[in-house]
Amino acid sequence: SHLKQCKNRVQNLEEKERNALEQAEGKLAGINLSVDEKTQELFDKVSFIFPCQWAGAKIIVLDKYVINPPYEAVTAISAEYDNDAGHQRLTQVLNGIRTKIGL
């Protein structure tokens with residue numbers, strides 16, 4: 001009936017709104033006003049490939065690795081991830097991005 005259709009539309013809108021908010025919050029979490037443009041660009045490019053977040057000036061990747069200032073190397077958060085495939089791949093990606101953006 002008509003009422004049911006209206007309820008469905010409202011639910012769909014609420015869900016879309018929630019998704020948009022979550023995306024905006026995610027983007028906001030990716031912005032660090034205390035770093036320079038190049039560093040933010042580095043973060044943006046790494047986060048395009050791997051899920052990352054800021055922790056102060058540190059970039060946390062996949063909750064397993066840290067890229068500390070001056071953002072030249074990847075450190076594993078725990079020994080079990082040290083030099084594993086992800087660590088190697090992320091190091092490769094980081095070096096490629098640094099070269100590309102001239103860091």
# chains A, B, ... in the order shown; residues from 1 in each chain; ligands from 1

$ residues_around --residues "Glu41 of chain A" --least-positions-apart "5" --cutoff "9 Å" --atoms "only C-alpha atoms" --output "PyMOL selection string"
chain A and resi 36+46+101

$ select_by_dssp --residues "chain A" --states "alpha helix (DSSP H)" --output "PDB file with N, CA, C and O atoms, in the first residue's frame"
ATOM      1  N   HIS A   2       0.189   2.357  -0.050  1.00  0.00           N
ATOM      2  CA  HIS A   2       0.880   3.639  -0.155  1.00  0.00           C
ATOM      3  C   HIS A   2       1.747   3.938   1.074  1.00  0.00           C
ATOM      4  O   HIS A   2       2.879   4.408   0.948  1.00  0.00           O
ATOM      5  N   LEU A   3       1.206   3.647   2.247  1.00  0.00           N
ATOM      6  CA  LEU A   3       1.924   3.922   3.493  1.00  0.00           C
ATOM      7  C   LEU A   3       3.224   3.114   3.565  1.00  0.00           C
ATOM      8  O   LEU A   3       4.276   3.627   3.930  1.00  0.00           O
ATOM      9  N   LYS A   4       3.119   1.869   3.145  1.00  0.00           N
ATOM     10  CA  LYS A   4       4.297   0.997   3.169  1.00  0.00           C
ATOM     11  C   LYS A   4       5.379   1.535   2.230  1.00  0.00           C
ATOM     12  O   LYS A   4       6.560   1.548   2.565  1.00  0.00           O
ATOM     13  N   GLN A   5       4.955   1.992   1.048  1.00  0.00           N
ATOM     14  CA  GLN A   5       5.907   2.578   0.093  1.00  0.00           C
ATOM     15  C   GLN A   5       6.596   3.803   0.688  1.00  0.00           C
ATOM     16  O   GLN A   5       7.803   3.977   0.544  1.00  0.00           O
ATOM     17  N   CYS A   6       5.834   4.636   1.372  1.00  0.00           N
ATOM     18  CA  CYS A   6       6.388   5.836   2.006  1.00  0.00           C
ATOM     19  C   CYS A   6       7.413   5.455   3.069  1.00  0.00           C
ATOM     20  O   CYS A   6       8.495   6.038   3.137  1.00  0.00           O
ATOM     21  N   LYS A   7       7.058   4.467   3.886  1.00  0.00           N
ATOM     22  CA  LYS A   7       7.978   4.012   4.938  1.00  0.00           C
ATOM     23  C   LYS A   7       9.286   3.501   4.332  1.00  0.00           C
ATOM     24  O   LYS A   7      10.366   3.800   4.822  1.00  0.00           O
ATOM     25  N   ASN A   8       9.170   2.741   3.252  1.00  0.00           N
ATOM     26  CA  ASN A   8      10.363   2.218   2.577  1.00  0.00           C
ATOM     27  C   ASN A   8      11.242   3.346   2.056  1.00  0.00           C
ATOM     28  O   ASN A   8      12.450   3.301   2.164  1.00  0.00           O
ATOM     29  N   ARG A   9      10.586   4.365   1.473  1.00  0.00           N
ATOM     30  CA  ARG A   9      11.338   5.510   0.945  1.00  0.00           C
ATOM     31  C   ARG A   9      12.094   6.222   2.054  1.00  0.00           C
ATOM     32  O   ARG A   9      13.250   6.587   1.887  1.00  0.00           O
ATOM     33  N   VAL A  10      11.422   6.408   3.178  1.00  0.00           N
ATOM     34  CA  VAL A  10      12.051   7.079   4.325  1.00  0.00           C
ATOM     35  C   VAL A  10      13.244   6.252   4.817  1.00  0.00           C
ATOM     36  O   VAL A  10      14.324   6.780   5.056  1.00  0.00           O
ATOM     37  N   GLN A  11      13.067   4.940   4.910  1.00  0.00           N
ATOM     38  CA  GLN A  11      14.156   4.070   5.352  1.00  0.00           C
ATOM     39  C   GLN A  11      15.339   4.154   4.380  1.00  0.00           C
ATOM     40  O   GLN A  11      16.491   4.230   4.802  1.00  0.00           O
ATOM     41  N   ASN A  12      15.035   4.148   3.088  1.00  0.00           N
ATOM     42  CA  ASN A  12      16.096   4.261   2.084  1.00  0.00           C
ATOM     43  C   ASN A  12      16.846   5.584   2.216  1.00  0.00           C
ATOM     44  O   ASN A  12      18.065   5.619   2.136  1.00  0.00           O
ATOM     45  N   LEU A  13      16.104   6.660   2.419  1.00  0.00           N
ATOM     46  CA  LEU A  13      16.727   7.971   2.577  1.00  0.00           C
ATOM     47  C   LEU A  13      17.602   8.002   3.820  1.00  0.00           C
ATOM     48  O   LEU A  13      18.722   8.508   3.790  1.00  0.00           O
ATOM     49  N   GLU A  14      17.087   7.443   4.920  1.00  0.00           N
ATOM     50  CA  GLU A  14      17.855   7.421   6.158  1.00  0.00           C
ATOM     51  C   GLU A  14      19.148   6.633   5.972  1.00  0.00           C
ATOM     52  O   GLU A  14      20.206   7.020   6.445  1.00  0.00           O
ATOM     53  N   GLU A  15      19.043   5.529   5.249  1.00  0.00           N
ATOM     54  CA  GLU A  15      20.221   4.713   5.009  1.00  0.00           C
ATOM     55  C   GLU A  15      21.235   5.459   4.138  1.00  0.00           C
ATOM     56  O   GLU A  15      22.430   5.457   4.424  1.00  0.00           O
ATOM     57  N   LYS A  16      20.736   6.122   3.088  1.00  0.00           N
ATOM     58  CA  LYS A  16      21.626   6.910   2.214  1.00  0.00           C
ATOM     59  C   LYS A  16      22.312   8.012   3.011  1.00  0.00           C
ATOM     60  O   LYS A  16      23.502   8.266   2.846  1.00  0.00           O
ATOM     61  N   GLU A  17      21.543   8.665   3.872  1.00  0.00           N
ATOM     62  CA  GLU A  17      22.084   9.746   4.683  1.00  0.00           C
ATOM     63  C   GLU A  17      23.167   9.206   5.619  1.00  0.00           C
ATOM     64  O   GLU A  17      24.233   9.794   5.767  1.00  0.00           O
ATOM     65  N   ARG A  18      22.876   8.059   6.223  1.00  0.00           N
ATOM     66  CA  ARG A  18      23.834   7.432   7.138  1.00  0.00           C
ATOM     67  C   ARG A  18      25.123   7.072   6.396  1.00  0.00           C
ATOM     68  O   ARG A  18      26.219   7.345   6.871  1.00  0.00           O
ATOM     69  N   ASN A  19      24.971   6.500   5.204  1.00  0.00           N
ATOM     70  CA  ASN A  19      26.144   6.139   4.398  1.00  0.00           C
ATOM     71  C   ASN A  19      26.961   7.371   4.024  1.00  0.00           C
ATOM     72  O   ASN A  19      28.188   7.351   4.083  1.00  0.00           O
ATOM     73  N   ALA A  20      26.268   8.436   3.644  1.00  0.00           N
ATOM     74  CA  ALA A  20      26.955   9.680   3.264  1.00  0.00           C
ATOM     75  C   ALA A  20      27.720  10.242   4.461  1.00  0.00           C
ATOM     76  O   ALA A  20      28.859  10.688   4.332  1.00  0.00           O
ATOM     77  N   LEU A  21      27.095  10.199   5.633  1.00  0.00           N
ATOM     78  CA  LEU A  21      27.747  10.683   6.850  1.00  0.00           C
ATOM     79  C   LEU A  21      28.983   9.851   7.178  1.00  0.00           C
ATOM     80  O   LEU A  21      30.034  10.392   7.507  1.00  0.00           O
ATOM     81  N   GLU A  22      28.844   8.531   7.072  1.00  0.00           N
ATOM     82  CA  GLU A  22      29.972   7.654   7.352  1.00  0.00           C
ATOM     83  C   GLU A  22      31.121   7.929   6.396  1.00  0.00           C
ATOM     84  O   GLU A  22      32.277   7.964   6.793  1.00  0.00           O
ATOM     85  N   GLN A  23      30.787   8.136   5.121  1.00  0.00           N
ATOM     86  CA  GLN A  23      31.830   8.448   4.130  1.00  0.00           C
ATOM     87  C   GLN A  23      32.503   9.773   4.457  1.00  0.00           C
ATOM     88  O   GLN A  23      33.719   9.884   4.401  1.00  0.00           O
ATOM     89  N   ALA A  24      31.703  10.772   4.819  1.00  0.00           N
ATOM     90  CA  ALA A  24      32.255  12.085   5.152  1.00  0.00           C
ATOM     91  C   ALA A  24      33.151  11.992   6.377  1.00  0.00           C
ATOM     92  O   ALA A  24      34.238  12.569   6.409  1.00  0.00           O
ATOM     93  N   GLU A  25      32.712  11.242   7.380  1.00  0.00           N
ATOM     94  CA  GLU A  25      33.523  11.070   8.581  1.00  0.00           C
ATOM     95  C   GLU A  25      34.825  10.357   8.247  1.00  0.00           C
ATOM     96  O   GLU A  25      35.876  10.697   8.764  1.00  0.00           O
ATOM     97  N   GLY A  26      34.731   9.373   7.371  1.00  0.00           N
ATOM     98  CA  GLY A  26      35.925   8.647   6.947  1.00  0.00           C
ATOM     99  C   GLY A  26      36.905   9.562   6.246  1.00  0.00           C
ATOM    100  O   GLY A  26      38.105   9.531   6.504  1.00  0.00           O
ATOM    101  N   LYS A  27      36.371  10.435   5.381  1.00  0.00           N
ATOM    102  CA  LYS A  27      37.232  11.389   4.672  1.00  0.00           C
ATOM    103  C   LYS A  27      37.845  12.367   5.658  1.00  0.00           C
ATOM    104  O   LYS A  27      39.008  12.725   5.558  1.00  0.00           O
ATOM    105  N   LEU A  28      37.042  12.804   6.614  1.00  0.00           N
ATOM    106  CA  LEU A  28      37.513  13.740   7.622  1.00  0.00           C
ATOM    107  C   LEU A  28      38.626  13.115   8.462  1.00  0.00           C
ATOM    108  O   LEU A  28      39.617  13.766   8.765  1.00  0.00           O
ATOM    109  N   ALA A  29      38.470  11.843   8.788  1.00  0.00           N
ATOM    110  CA  ALA A  29      39.480  11.142   9.573  1.00  0.00           C
ATOM    111  C   ALA A  29      40.785  11.047   8.786  1.00  0.00           C
ATOM    112  O   ALA A  29      41.847  10.853   9.353  1.00  0.00           O
ATOM    113  N   GLU A  37      51.320  19.743   2.998  1.00  0.00           N
ATOM    114  CA  GLU A  37      50.558  19.245   1.841  1.00  0.00           C
ATOM    115  C   GLU A  37      51.113  17.941   1.278  1.00  0.00           C
ATOM    116  O   GLU A  37      50.363  17.048   0.923  1.00  0.00           O
ATOM    117  N   LYS A  38      52.435  17.863   1.175  1.00  0.00           N
ATOM    118  CA  LYS A  38      53.069  16.660   0.610  1.00  0.00           C
ATOM    119  C   LYS A  38      52.754  15.443   1.476  1.00  0.00           C
ATOM    120  O   LYS A  38      52.478  14.362   0.956  1.00  0.00           O
ATOM    121  N   THR A  39      52.817  15.632   2.774  1.00  0.00           N
ATOM    122  CA  THR A  39      52.547  14.523   3.694  1.00  0.00           C
ATOM    123  C   THR A  39      51.087  14.092   3.584  1.00  0.00           C
ATOM    124  O   THR A  39      50.781  12.901   3.563  1.00  0.00           O
ATOM    125  N   GLN A  40      50.195  15.054   3.472  1.00  0.00           N
ATOM    126  CA  GLN A  40      48.775  14.737   3.300  1.00  0.00           C
ATOM    127  C   GLN A  40      48.563  14.014   1.972  1.00  0.00           C
ATOM    128  O   GLN A  40      47.802  13.052   1.893  1.00  0.00           O
ATOM    129  N   GLU A  41      49.266  14.449   0.948  1.00  0.00           N
ATOM    130  CA  GLU A  41      49.161  13.800  -0.360  1.00  0.00           C
ATOM    131  C   GLU A  41      49.656  12.356  -0.276  1.00  0.00           C
ATOM    132  O   GLU A  41      49.056  11.439  -0.846  1.00  0.00           O
ATOM    133  N   LEU A  42      50.750  12.159   0.448  1.00  0.00           N
ATOM    134  CA  LEU A  42      51.290  10.815   0.661  1.00  0.00           C
ATOM    135  C   LEU A  42      50.236   9.937   1.342  1.00  0.00           C
ATOM    136  O   LEU A  42      49.947   8.833   0.897  1.00  0.00           O
ATOM    137  N   PHE A  43      49.632  10.477   2.402  1.00  0.00           N
ATOM    138  CA  PHE A  43      48.576   9.744   3.117  1.00  0.00           C
ATOM    139  C   PHE A  43      47.430   9.397   2.171  1.00  0.00           C
ATOM    140  O   PHE A  43      46.965   8.261   2.141  1.00  0.00           O
ATOM    141  N   ASP A  44      46.987  10.381   1.396  1.00  0.00           N
ATOM    142  CA  ASP A  44      45.860  10.169   0.478  1.00  0.00           C
ATOM    143  C   ASP A  44      46.155   9.037  -0.496  1.00  0.00           C
ATOM    144  O   ASP A  44      45.306   8.185  -0.753  1.00  0.00           O
ATOM    145  N   LYS A  45      47.363   9.035  -1.036  1.00  0.00           N
ATOM    146  CA  LYS A  45      47.726   8.023  -2.025  1.00  0.00           C
ATOM    147  C   LYS A  45      47.886   6.638  -1.391  1.00  0.00           C
ATOM    148  O   LYS A  45      47.478   5.643  -1.982  1.00  0.00           O
ATOM    149  N   VAL A  46      48.461   6.586  -0.198  1.00  0.00           N
ATOM    150  CA  VAL A  46      48.584   5.291   0.494  1.00  0.00           C
ATOM    151  C   VAL A  46      47.189   4.783   0.864  1.00  0.00           C
ATOM    152  O   VAL A  46      46.868   3.615   0.675  1.00  0.00           O
ATOM    153  N   SER A  47      46.337   5.693   1.341  1.00  0.00           N
ATOM    154  CA  SER A  47      45.005   5.270   1.794  1.00  0.00           C
ATOM    155  C   SER A  47      44.091   4.892   0.639  1.00  0.00           C
ATOM    156  O   SER A  47      43.063   4.256   0.831  1.00  0.00           O
ATOM    157  N   PHE A  48      44.483   5.258  -0.575  1.00  0.00           N
ATOM    158  CA  PHE A  48      43.735   4.832  -1.755  1.00  0.00           C
ATOM    159  C   PHE A  48      43.943   3.330  -1.976  1.00  0.00           C
ATOM    160  O   PHE A  48      43.082   2.646  -2.510  1.00  0.00           O
ATOM    161  N   ILE A  49      45.087   2.817  -1.531  1.00  0.00           N
ATOM    162  CA  ILE A  49      45.443   1.412  -1.736  1.00  0.00           C
ATOM    163  C   ILE A  49      45.219   0.575  -0.478  1.00  0.00           C
ATOM    164  O   ILE A  49      44.739  -0.551  -0.544  1.00  0.00           O
ATOM    165  N   ALA A  85      54.537 -10.274   3.842  1.00  0.00           N
ATOM    166  CA  ALA A  85      54.209  -9.840   2.477  1.00  0.00           C
ATOM    167  C   ALA A  85      53.584  -8.445   2.474  1.00  0.00           C
ATOM    168  O   ALA A  85      53.891  -7.612   1.611  1.00  0.00           O
ATOM    169  N   GLY A  86      52.708  -8.176   3.436  1.00  0.00           N
ATOM    170  CA  GLY A  86      52.055  -6.867   3.519  1.00  0.00           C
ATOM    171  C   GLY A  86      53.060  -5.758   3.780  1.00  0.00           C
ATOM    172  O   GLY A  86      52.988  -4.676   3.190  1.00  0.00           O
ATOM    173  N   HIS A  87      53.991  -6.039   4.672  1.00  0.00           N
ATOM    174  CA  HIS A  87      55.040  -5.075   5.021  1.00  0.00           C
ATOM    175  C   HIS A  87      55.875  -4.747   3.787  1.00  0.00           C
ATOM    176  O   HIS A  87      56.144  -3.580   3.480  1.00  0.00           O
ATOM    177  N   GLN A  88      56.246  -5.790   3.055  1.00  0.00           N
ATOM    178  CA  GLN A  88      57.058  -5.606   1.847  1.00  0.00           C
ATOM    179  C   GLN A  88      56.286  -4.823   0.787  1.00  0.00           C
ATOM    180  O   GLN A  88      56.816  -3.916   0.151  1.00  0.00           O
ATOM    181  N   ARG A  89      55.018  -5.179   0.599  1.00  0.00           N
ATOM    182  CA  ARG A  89      54.179  -4.501  -0.405  1.00  0.00           C
ATOM    183  C   ARG A  89      53.997  -3.030  -0.049  1.00  0.00           C
ATOM    184  O   ARG A  89      54.107  -2.152  -0.901  1.00  0.00           O
ATOM    185  N   LEU A  90      53.712  -2.764   1.221  1.00  0.00           N
ATOM    186  CA  LEU A  90      53.501  -1.390   1.668  1.00  0.00           C
ATOM    187  C   LEU A  90      54.784  -0.565   1.507  1.00  0.00           C
ATOM    188  O   LEU A  90      54.732   0.590   1.090  1.00  0.00           O
ATOM    189  N   THR A  91      55.919  -1.170   1.796  1.00  0.00           N
ATOM    190  CA  THR A  91      57.206  -0.483   1.627  1.00  0.00           C
ATOM    191  C   THR A  91      57.402  -0.117   0.160  1.00  0.00           C
ATOM    192  O   THR A  91      57.791   1.009  -0.173  1.00  0.00           O
ATOM    193  N   GLN A  92      57.086  -1.064  -0.710  1.00  0.00           N
ATOM    194  CA  GLN A  92      57.189  -0.855  -2.156  1.00  0.00           C
ATOM    195  C   GLN A  92      56.270   0.300  -2.593  1.00  0.00           C
ATOM    196  O   GLN A  92      56.680   1.196  -3.324  1.00  0.00           O
ATOM    197  N   VAL A  93      55.024   0.261  -2.118  1.00  0.00           N
ATOM    198  CA  VAL A  93      54.043   1.302  -2.458  1.00  0.00           C
ATOM    199  C   VAL A  93      54.517   2.660  -1.940  1.00  0.00           C
ATOM    200  O   VAL A  93      54.495   3.656  -2.664  1.00  0.00           O
ATOM    201  N   LEU A  94      54.972   2.682  -0.680  1.00  0.00           N
ATOM    202  CA  LEU A  94      55.439   3.941  -0.071  1.00  0.00           C
ATOM    203  C   LEU A  94      56.580   4.541  -0.882  1.00  0.00           C
ATOM    204  O   LEU A  94      56.573   5.726  -1.203  1.00  0.00           O
ATOM    205  N   ASN A  95      57.561   3.716  -1.237  1.00  0.00           N
ATOM    206  CA  ASN A  95      58.703   4.203  -2.011  1.00  0.00           C
ATOM    207  C   ASN A  95      58.270   4.728  -3.368  1.00  0.00           C
ATOM    208  O   ASN A  95      58.740   5.778  -3.813  1.00  0.00           O
ATOM    209  N   GLY A  96      57.333   4.028  -3.998  1.00  0.00           N
ATOM    210  CA  GLY A  96      56.818   4.463  -5.301  1.00  0.00           C
ATOM    211  C   GLY A  96      56.113   5.809  -5.208  1.00  0.00           C
ATOM    212  O   GLY A  96      56.331   6.702  -6.041  1.00  0.00           O
ATOM    213  N   ILE A  97      55.296   5.975  -4.187  1.00  0.00           N
ATOM    214  CA  ILE A  97      54.549   7.225  -4.004  1.00  0.00           C
ATOM    215  C   ILE A  97      55.515   8.367  -3.675  1.00  0.00           C
ATOM    216  O   ILE A  97      55.398   9.462  -4.228  1.00  0.00           O
ATOM    217  N   ARG A  98      56.472   8.103  -2.804  1.00  0.00           N
ATOM    218  CA  ARG A  98      57.455   9.146  -2.436  1.00  0.00           C
ATOM    219  C   ARG A  98      58.187   9.640  -3.678  1.00  0.00           C
ATOM    220  O   ARG A  98      58.383  10.838  -3.846  1.00  0.00           O
ATOM    221  N   THR A  99      58.573   8.716  -4.550  1.00  0.00           N
ATOM    222  CA  THR A  99      59.271   9.082  -5.785  1.00  0.00           C
ATOM    223  C   THR A  99      58.352   9.925  -6.678  1.00  0.00           C
ATOM    224  O   THR A  99      58.749  10.966  -7.184  1.00  0.00           O
ATOM    225  N   LYS A 100      57.096   9.456  -6.802  1.00  0.00           N
ATOM    226  CA  LYS A 100      56.133  10.115  -7.687  1.00  0.00           C
ATOM    227  C   LYS A 100      55.846  11.564  -7.252  1.00  0.00           C
ATOM    228  O   LYS A 100      55.736  12.456  -8.079  1.00  0.00           O
ATOM    229  N   ILE A 101      55.722  11.770  -5.943  1.00  0.00           N
ATOM    230  CA  ILE A 101      55.351  13.128  -5.482  1.00  0.00           C
ATOM    231  C   ILE A 101      56.577  13.940  -5.054  1.00  0.00           C
ATOM    232  O   ILE A 101      56.444  15.069  -4.591  1.00  0.00           O
TER     233      ILE A 101
END

$ atom_distance --atom1 "atom CA of Leu62 of chain A" --atom2 "atom CA of Phe50 of chain A"
6.7 Å

$ select_by_dssp --residues "chain A" --states "strand (DSSP E or B)" --output "PyMOL selection string"
chain A and resi 52-55+58-61+65-67+74-76

$ atom_distance --atom1 "atom CA of Asp84 of chain A" --atom2 "atom CA of Pro69 of chain A"
21.7 Å
